[in-house]
Amino acid sequence: GSFEDSALQLTQVMDTFKDVMNDPQQLECFRLFLAKEYASENLLFYLDVENMKVVSAAVLPIVAQNIFIRYIEIDAPYEVNLTSATIESIRNELDNPSRDMFLIAQAEAFAIMRDDCFPRFLLAIKGVKEEAV
């Protein structure tokens, strides 16, 4: 479906970004909005890090490496905007990955979505609903 269709199906929009992230219907609408804006990388990264927290220890190194390649290394296909200190810290842990090695980066991605993408998302939903009236 499209962002517009998804937005029209929302009966209400949560008050906080955290609420949207915890509601499957609203999260899907937010994902569609970001895709339309060509700004999906932070959400994809955030969700992949969430999934990494529950994978078995046996596959943890592979998952960590894949996250690094997909989102963090220079010219990554979905490169997220992180501080150089955060990137260096992650790079140092790649040889011996842990479940929390991406937590600071995940918090940075969350803050970008909350402070930049979420206000635009709310405006876009308001616009879609006003056009439908």
# chains A, B, ... in the order shown; residues from 1 in each chain; ligands from 1
>>> residues_around(residues="segment 11-22 of chain A", least_positions_apart="2", cutoff="8 Å", atoms="only C-alpha atoms", output="PyMOL selection string")
chain A and resi 8-9+24+26-27+30+114+118+122
>>> write_last_selection(atoms="N, CA, C and O atoms", output="JSON list (two decimals), in the first residue's frame")
[["chain", "number", "residue", "atom", "x", "y", "z"],
["A", 8, "LEU", "N", -4.63, 7.33, 5.85],
["A", 8, "LEU", "CA", -6.09, 7.45, 5.96],
["A", 8, "LEU", "C", -6.68, 6.38, 6.87],
["A", 8, "LEU", "O", -7.73, 6.58, 7.46],
["A", 9, "GLN", "N", -6.02, 5.24, 6.98],
["A", 9, "GLN", "CA", -6.52, 4.15, 7.83],
["A", 9, "GLN", "C", -6.23, 4.39, 9.32],
["A", 9, "GLN", "O", -6.83, 3.74, 10.17],
["A", 24, "PRO", "N", 2.35, -1.30, 15.71],
["A", 24, "PRO", "CA", 2.65, -1.87, 14.38],
["A", 24, "PRO", "C", 2.01, -1.12, 13.21],
["A", 24, "PRO", "O", 2.66, -0.91, 12.19],
["A", 26, "GLN", "N", 1.04, 2.08, 13.06],
["A", 26, "GLN", "CA", 1.65, 3.40, 12.90],
["A", 26, "GLN", "C", 3.11, 3.28, 12.43],
["A", 26, "GLN", "O", 3.57, 4.08, 11.63],
["A", 27, "LEU", "N", 3.79, 2.26, 12.92],
["A", 27, "LEU", "CA", 5.17, 2.03, 12.48],
["A", 27, "LEU", "C", 5.20, 1.76, 10.97],
["A", 27, "LEU", "O", 6.06, 2.27, 10.25],
["A", 30, "PHE", "N", 4.70, 4.99, 9.18],
["A", 30, "PHE", "CA", 5.95, 5.77, 9.25],
["A", 30, "PHE", "C", 6.97, 5.22, 8.26],
["A", 30, "PHE", "O", 7.65, 5.97, 7.57],
["A", 114, "ARG", "N", 13.22, 10.96, 15.53],
["A", 114, "ARG", "CA", 12.30, 11.66, 16.44],
["A", 114, "ARG", "C", 12.31, 13.17, 16.17],
["A", 114, "ARG", "O", 11.25, 13.81, 16.12],
["A", 118, "PHE", "N", 9.95, 12.58, 12.34],
["A", 118, "PHE", "CA", 8.63, 12.49, 12.98],
["A", 118, "PHE", "C", 7.79, 13.76, 12.80],
["A", 118, "PHE", "O", 6.61, 13.67, 12.44],
["A", 122, "LEU", "N", 4.13, 13.81, 10.88],
["A", 122, "LEU", "CA", 2.87, 14.33, 11.43],
["A", 122, "LEU", "C", 2.23, 15.34, 10.47],
["A", 122, "LEU", "O", 1.02, 15.31, 10.25]]
>>> residues_around(residues="segment 80-82 of chain A", least_positions_apart="2", cutoff="9 Å", atoms="only C-alpha atoms", output="MDAnalysis selection string")
chainID A and resid 41:42 45 71:72 76 78 84:87 105 108:109 112
>>> residues_around(residues="Leu43 of chain A", least_positions_apart="6", cutoff="8 Å", atoms="only C-alpha atoms", output="list in words")
Arg31, Ala109, Phe110 and Met113 of chain A
>>> closest_residue(among="A:Leu103, A:Ser89, A:Asp116, A:Ser98", to="Ala58 of chain A", atoms="only C-alpha atoms")
A:Ser98
>>> closest_residue(among="A:Leu10, A:Tyr46, A:Asp95, A:Ile90", to="Ala111 of chain A", atoms="only C-alpha atoms")
A:Tyr46
>>> closest_residue(among="A:Glu79, A:Phe3, A:Glu131, A:Ile125", to="Leu44 of chain A", atoms="only C-alpha atoms")
A:Glu79
>>> atom_distance(atom1="atom CA of Leu34 of chain A", atom2="atom CA of Ile104 of chain A")
21.8 Å
>>> residues_around(residues="Pro61 of chain A", least_positions_apart="4", cutoff="8 Å", atoms="only C-alpha atoms", output="PyMOL selection string")
chain A and resi 57+65+94-97
>>> write_last_selection(atoms="N, CA, C and O atoms", output="compact mmCIF listing (two decimals), in the first residue's frame")
# COMPACT_ATOMS: atom_id res chain seq x y z
N ALA A 57 23.72 -16.55 19.76
CA ALA A 57 25.13 -16.17 19.85
C ALA A 57 25.93 -16.68 18.66
O ALA A 57 26.89 -16.05 18.22
N GLN A 65 28.30 -8.04 11.40
CA GLN A 65 29.04 -7.69 10.18
C GLN A 65 28.10 -7.19 9.10
O GLN A 65 28.38 -6.20 8.42
N LEU A 94 33.94 -5.04 16.09
CA LEU A 94 33.54 -6.00 15.05
C LEU A 94 34.20 -7.37 15.20
O LEU A 94 33.59 -8.39 14.90
N ASP A 95 35.44 -7.40 15.68
CA ASP A 95 36.14 -8.69 15.83
C ASP A 95 35.56 -9.52 16.98
O ASP A 95 35.69 -10.75 16.98
N ASN A 96 34.97 -8.84 17.94
CA ASN A 96 34.38 -9.53 19.09
C ASN A 96 33.03 -8.86 19.40
O ASN A 96 32.89 -8.16 20.39
N PRO A 97 32.04 -9.08 18.53
CA PRO A 97 30.78 -8.33 18.64
C PRO A 97 29.96 -8.70 19.88
O PRO A 97 30.04 -9.81 20.39
>>> residues_around(residues="Gly1 of chain A", least_positions_apart="2", cutoff="12 Å", atoms="only C-alpha atoms", output="ChimeraX atom specification")
/A:3-9,28-29,31-33,35-36
>>> write_last_selection(atoms="C-alpha atoms", output="mmCIF file, in the first residue's frame")
data_model
loop_
_atom_site.group_PDB
_atom_site.id
_atom_site.type_symbol
_atom_site.label_atom_id
_atom_site.label_comp_id
_atom_site.auth_asym_id
_atom_site.auth_seq_id
_atom_site.Cartn_x
_atom_site.Cartn_y
_atom_site.Cartn_z
ATOM 1 C CA PHE A 3 1.679 6.093 2.539
ATOM 2 C CA GLU A 4 -1.523 7.966 1.723
ATOM 3 C CA ASP A 5 -3.699 4.841 2.050
ATOM 4 C CA SER A 6 -1.957 3.910 5.277
ATOM 5 C CA ALA A 7 -2.365 7.439 6.688
ATOM 6 C CA LEU A 8 -6.086 7.447 5.959
ATOM 7 C CA GLN A 9 -6.516 4.154 7.832
ATOM 8 C CA GLU A 28 4.185 0.681 9.047
ATOM 9 C CA CYS A 29 2.716 4.059 8.093
ATOM 10 C CA ARG A 31 8.002 3.248 7.227
ATOM 11 C CA LEU A 32 5.951 4.022 4.101
ATOM 12 C CA PHE A 33 6.401 7.754 4.718
ATOM 13 C CA ALA A 35 10.316 5.256 1.847
ATOM 14 C CA LYS A 36 8.416 7.969 -0.007
#
>>> select_by_dssp(residues="segment 29-102 of chain A", states="alpha helix (DSSP H)", output="number ranges by chain")
A: 29-36, 41-52, 60-67, 84-93
>>> atom_distance(atom1="atom CA of Ser40 of chain A", atom2="atom CA of Asn92 of chain A")
26.1 Å
>>> closest_residue(among="A:Arg99, A:Gln25, A:Arg120, A:Val133", to="Glu50 of chain A", atoms="only C-alpha atoms")
A:Arg99
>>> atom_distance(atom1="atom CA of Lys53 of chain A", atom2="atom CA of Arg70 of chain A")
17.1 Å
